[in-house]
Amino acid sequence: MTGKQTTTSAAFLATLKRDLLIAFKKKNDIVNPFMFFIIVVSLFPIGISPESDRLTEIAAGVIWISVLLASMLSMDNLYRSDFEDGSLEQLLLSPHPLFFLVLAKNISHWLVSGLPVVLVSPLLAYMLALPEEAYGTLFLSLLLGTPIMSLVGSIAVALTVGLGSRGLILAVITLPMSVPVLIFGTLAVQSTLNSQSPLGYLSLMLVMLSVSVSLAPLASAAALRISVN
Amino acid sequence: MWVWFFKLGSPKWFYELSGKWLPWLVAAMVIFMTIGLVWGLLFLPPDYQQGFTSRILIVHVAVAGTSLAFFPLMFVAGTITLVWRMKLADMVAKNAAILGAWFSFITLATGSLWGSVMWGTWWEWTDSRLVSMLFQLFLLLGVISLRSALEDSDAAAKACALLSIVGCINVVIIKYSVEWWNTLHQVSSPVTTDTSSPNGPEFWIATLIMIVAVYLFLTVSLILSTRNEILERERKAQWVKDLVLKAK
Amino acid sequence: MSSAAPTASSNSDTDTIMLAARGLFCARDDRVLFKNLNFDLPEGQVLQVQGSNGSGKTTLMRILCGLNDGYEGSIKWYGQEIEDQAANFFSSLLYIGHRVGVAKVLTPVENLRWSCSLKQAVSDEEIMAALKEVGLRGFEESPCYTLSAGQQQRVSLARLIISPASLWVLDEPFTTLDRKGVERLEQILQRQAQAGGSVMVTTHHSLNIPELAMLSLG
């Protein structure tokens with residue numbers, strides 16, 4: 001029916017669906033960061049040591065840092081093609097709160113880039129000789145940590161979307177911000193290895209995630225308005 | 001109060017007012033700096049435990065304390081830029097980022113100098129203050145590089161304001177998480193990061209004087225660089241032209 | 001630099017004023033684009049914005065849409081500042097800029113499904129009918145990167161047919177269109193004006209529309 005304004009949830013779903021569709025059609029943008037992640041992880045044993053004892057020690061850190069780098073690579077395209085073809089302007093001119101539309105884009109990004117990494121993590125943990133009892137913690141910490149990185153990284157991407165040649169500026173801005181996630185993610189795994197409960201760290205990450213969900217899209221929305229100005 | 005606030009937003013008003021304050025601030029800075037440096041570095045009795053290296057600590061503590069002021073300062077300036085679109089706030093923020101990076105760098109340099117004597121190592125990951133200062137430096141460099149990458153000065157102002165606000169929140173989170181991270185690794189570390197060995201009151205007075213001196217130095221440098229920025233950005237304004245002609 | 005205050009010559013002064021701009025001032029990097037710009041846009045009018053390259057036409061359009069806030073002055077939507085009623089204003093606004101808002105990997109239908117649903121609920125039949133009307137029949141399911149620039153422009157113009165928005169802000173919508181496309185767009189604009197809607201359009205074409213008023217910049 002023409003003329004009937006959509007509800008915010010309909011606009012949210014339409015945006016989510018559209019971004020997933022684009023991701024599905026541009027598989028390279030998704031597959032390449034994922035391959036990058038797996039390749040980087042596989043390089044560590046070659047560069048450091050094939051001994052399983054030493055690998056066990058560094059496994060959690062290696063996986064976490066590789067996730068950080070891969071998520072940064074995949075972030076790059078979060079708003080750029082929308083900016084270039086003008087879709088971003090249409091997004092900003094929607095009568096619905098930009099918060100939810102940005103959130104939809106972030107969720108879609110996480111579903112196609114963060115979630116696959118989380119799902120494949122037990123396999124890589126096995127390759128890096130991480131003891132079995134830590135798989136669950138690693139999995140959970142990544143499950144909580146990767147969306148935080150998508151949400152926070154989105155702010156930096158939104159700020160730099162208008163730059164013609166941005167080179168590594170995204171990395172310079174985003175990577176220092178990921179320190180807390182990295183700390184708690186690896187600490188959780190390590191405490192499991194020391195047969196302590198990782199619940200404290202995981203719940204801290206849950207708190208960080210809920211704060212990010214409620215605040216980061218606001219900052220991303222403001223950043224998009226600045227960049228499109 | 002609000003009239004005063006918005007008047008301060010006018011670069012011309014700030015330029016004139018800061019011109020009047022500057023001589024006094026510079027004089028105070030020179031006095032405190034001289035007392036602090038001469039007394040602290042030359043005459044202070046050596047610490048019973050740390051020996052003469054405690055004198056480096058006076059500079060380090062003062063600079064480090066001041067470095068912590070930059071992100072809050074940029075947070076406030078950023079909020080003013082975004083909410084009231086005050087150009088002056090952005091000029092201050094721009095120079096605060098650069099000064100802040102230098103201060104953080106000097107903090108790290110003096111810290112590792114002190115560490116090289118005290119701990120026998122230039123860099124110690126178990127000192128959470130050094131580590132979080134390192135990441136503060138990275139975040140400040142991020143703000144600076146964003147500024148230089150954005151050509152449009154209005155967009156750069158707002159983008160850097162937003163990044164400073166996000167960065168400030170982040171610095172706090174990083175600080176606490178690094179501290180936490182450290183306490184857990186501390187057990188295996190032979191190095192003590194405890195700097196509060198029993199010192200005489202002279203030590204703390206000298207440090208206090210030095211802190212005041214460095215804060216004054218920060219204020220003076222910030223005012224000077226902001227005045228430069230004002231002249232550059234307002235170069236087309238009549239009052240700047242008059243000022244330049246008068247100077248000739 | 002434009003110092004003379006441009007004014008719109010309106011031929012229907014008595015109508016309800018939809019959009020009113022007063023004392024608009026905009027400067028980009030020390031260059032004044034326009035100052036003290038005043039105009040009214042009544043219901044049922046097509047307002048063509050004219051001016052040489054770099055006179056600030058695009059900036060003006062973006063300011064009116066709320067995409068650019070680097071201006072001084074007041075813009076009122078039915079007598080109320082647009083900043084105070086953004087959501088209300090956005091739901092009555094349709095903007096098509098230089099970048100037409102068509103994602104290249106998606107098909108015309110997928111593009112319209114999303115861009116229309118940001119504002120109002122729309123059915124696939126409506127989208128198909130609109131695409132047919134702008135001459136894109138047979139291209140509904142081709143990815144937009146296989147379409148020419150003019151065809152991509154037509155995809156964005158299909159939104160005009162679907163949209164119930166009362167204000168259209170169109171920045172150079174004619175540039176890539178062929179002669180038939182230009183005629184069709186003129187008809188669409190005219191239809192909007194007759195239905196009581198308004199249009200602001202920048203173009204160097206001389207438009208053949210009876211409800212036309214002019215606004216000159218620079």
# chains A, B, ... in the order shown; residues from 1 in each chain; ligands from 1

$ interface_residues --of "chain B" --to "chain A" --cutoff "12 Å" --atoms "only C-alpha atoms" --output "number ranges by chain"
B: 82-83, 131-185

$ interface_residues --of "chain C" --to "chain B" --cutoff "12 Å" --atoms "only C-alpha atoms" --output "short mmCIF file (atom, residue, chain, number, x, y, z; two decimals) with C-alpha atoms, in the first residue's frame"
data_model
loop_
_atom_site.label_atom_id
_atom_site.label_comp_id
_atom_site.auth_asym_id
_atom_site.auth_seq_id
_atom_site.Cartn_x
_atom_site.Cartn_y
_atom_site.Cartn_z
CA ALA C 27 30.93 29.53 2.84
CA ARG C 28 33.30 26.76 1.82
CA ASP C 29 36.92 27.21 2.80
CA ASP C 30 36.70 31.00 2.99
CA ARG C 31 34.80 31.22 -0.30
CA ASN C 68 25.01 19.48 5.15
CA ASP C 69 24.87 21.59 8.29
CA GLY C 70 27.59 24.07 7.35
CA TYR C 71 25.22 27.00 6.85
#

$ closest_atom_pairs --of "chain A" --to "chain C" --cutoff "9 Å" --atoms "only C-alpha atoms" --output "JSON lines"
{"residue": "A:Met1", "atom": "CA", "partner": "C:Val122", "partner_atom": "CA", "distance": 6.3}
{"residue": "A:Thr2", "atom": "CA", "partner": "C:Val122", "partner_atom": "CA", "distance": 6.2}
{"residue": "A:Gly3", "atom": "CA", "partner": "C:Pro164", "partner_atom": "CA", "distance": 5.4}
{"residue": "A:Lys4", "atom": "CA", "partner": "C:Gln120", "partner_atom": "CA", "distance": 5.4}
{"residue": "A:Gln5", "atom": "CA", "partner": "C:Gln120", "partner_atom": "CA", "distance": 4.0}
{"residue": "A:Thr6", "atom": "CA", "partner": "C:Gln120", "partner_atom": "CA", "distance": 4.6}
{"residue": "A:Thr7", "atom": "CA", "partner": "C:Gln120", "partner_atom": "CA", "distance": 8.3}
{"residue": "A:Thr8", "atom": "CA", "partner": "C:Leu118", "partner_atom": "CA", "distance": 8.4}
{"residue": "A:Ala10", "atom": "CA", "partner": "C:Ser117", "partner_atom": "CA", "distance": 7.6}
{"residue": "A:Ala11", "atom": "CA", "partner": "C:Leu118", "partner_atom": "CA", "distance": 5.2}
{"residue": "A:Phe12", "atom": "CA", "partner": "C:Leu118", "partner_atom": "CA", "distance": 8.4}
{"residue": "A:Ala14", "atom": "CA", "partner": "C:Trp114", "partner_atom": "CA", "distance": 5.8}
{"residue": "A:Thr15", "atom": "CA", "partner": "C:Trp114", "partner_atom": "CA", "distance": 6.6}
{"residue": "A:Lys17", "atom": "CA", "partner": "C:Trp114", "partner_atom": "CA", "distance": 8.6}
{"residue": "A:Arg18", "atom": "CA", "partner": "C:Trp114", "partner_atom": "CA", "distance": 6.6}
{"residue": "A:Leu21", "atom": "CA", "partner": "C:Leu106", "partner_atom": "CA", "distance": 8.0}
{"residue": "A:Ile22", "atom": "CA", "partner": "C:Val105", "partner_atom": "CA", "distance": 6.7}
{"residue": "A:Lys25", "atom": "CA", "partner": "C:Val105", "partner_atom": "CA", "distance": 6.7}
{"residue": "A:Lys26", "atom": "CA", "partner": "C:Val105", "partner_atom": "CA", "distance": 7.5}
{"residue": "A:Ser81", "atom": "CA", "partner": "C:Ala103", "partner_atom": "CA", "distance": 7.7}
{"residue": "A:Asp82", "atom": "CA", "partner": "C:Ala103", "partner_atom": "CA", "distance": 7.1}
{"residue": "A:Phe83", "atom": "CA", "partner": "C:Arg99", "partner_atom": "CA", "distance": 8.7}
{"residue": "A:Glu84", "atom": "CA", "partner": "C:Arg99", "partner_atom": "CA", "distance": 7.2}
{"residue": "A:Asp85", "atom": "CA", "partner": "C:Gly101", "partner_atom": "CA", "distance": 5.2}
{"residue": "A:Gly86", "atom": "CA", "partner": "C:Gly101", "partner_atom": "CA", "distance": 3.9}
{"residue": "A:Ser87", "atom": "CA", "partner": "C:Gly101", "partner_atom": "CA", "distance": 4.0}
{"residue": "A:Leu88", "atom": "CA", "partner": "C:Gly101", "partner_atom": "CA", "distance": 7.4}
{"residue": "A:Glu89", "atom": "CA", "partner": "C:Gly101", "partner_atom": "CA", "distance": 7.4}
{"residue": "A:Gln90", "atom": "CA", "partner": "C:Gly101", "partner_atom": "CA", "distance": 6.7}
{"residue": "A:Leu91", "atom": "CA", "partner": "C:Leu118", "partner_atom": "CA", "distance": 7.3}
{"residue": "A:Leu92", "atom": "CA", "partner": "C:Leu67", "partner_atom": "CA", "distance": 7.7}
{"residue": "A:Leu93", "atom": "CA", "partner": "C:Phe90", "partner_atom": "CA", "distance": 5.8}
{"residue": "A:Ser94", "atom": "CA", "partner": "C:Leu118", "partner_atom": "CA", "distance": 5.6}
{"residue": "A:Pro95", "atom": "CA", "partner": "C:Ala87", "partner_atom": "CA", "distance": 4.3}
{"residue": "A:His96", "atom": "CA", "partner": "C:Ala87", "partner_atom": "CA", "distance": 6.8}
{"residue": "A:Pro97", "atom": "CA", "partner": "C:Ala87", "partner_atom": "CA", "distance": 8.1}
{"residue": "A:Arg225", "atom": "CA", "partner": "C:Leu67", "partner_atom": "CA", "distance": 7.3}
{"residue": "A:Ile226", "atom": "CA", "partner": "C:Asn68", "partner_atom": "CA", "distance": 8.7}
{"residue": "A:Val228", "atom": "CA", "partner": "C:Leu67", "partner_atom": "CA", "distance": 7.0}
{"residue": "A:Asn229", "atom": "CA", "partner": "C:Asn68", "partner_atom": "CA", "distance": 4.7}

$ select_by_dssp --residues "segment 138-178 of chain A" --states "helix (DSSP H, G or I)" --output "PyMOL selection string"
chain A and resi 138-160+169-177

$ select_by_dssp --residues "chain C" --states "strand (DSSP E)" --output "PyMOL selection string"
chain C and resi 17-28+31-42+46-50+72-77+80-81+93-96+167-171+198-202+212-216
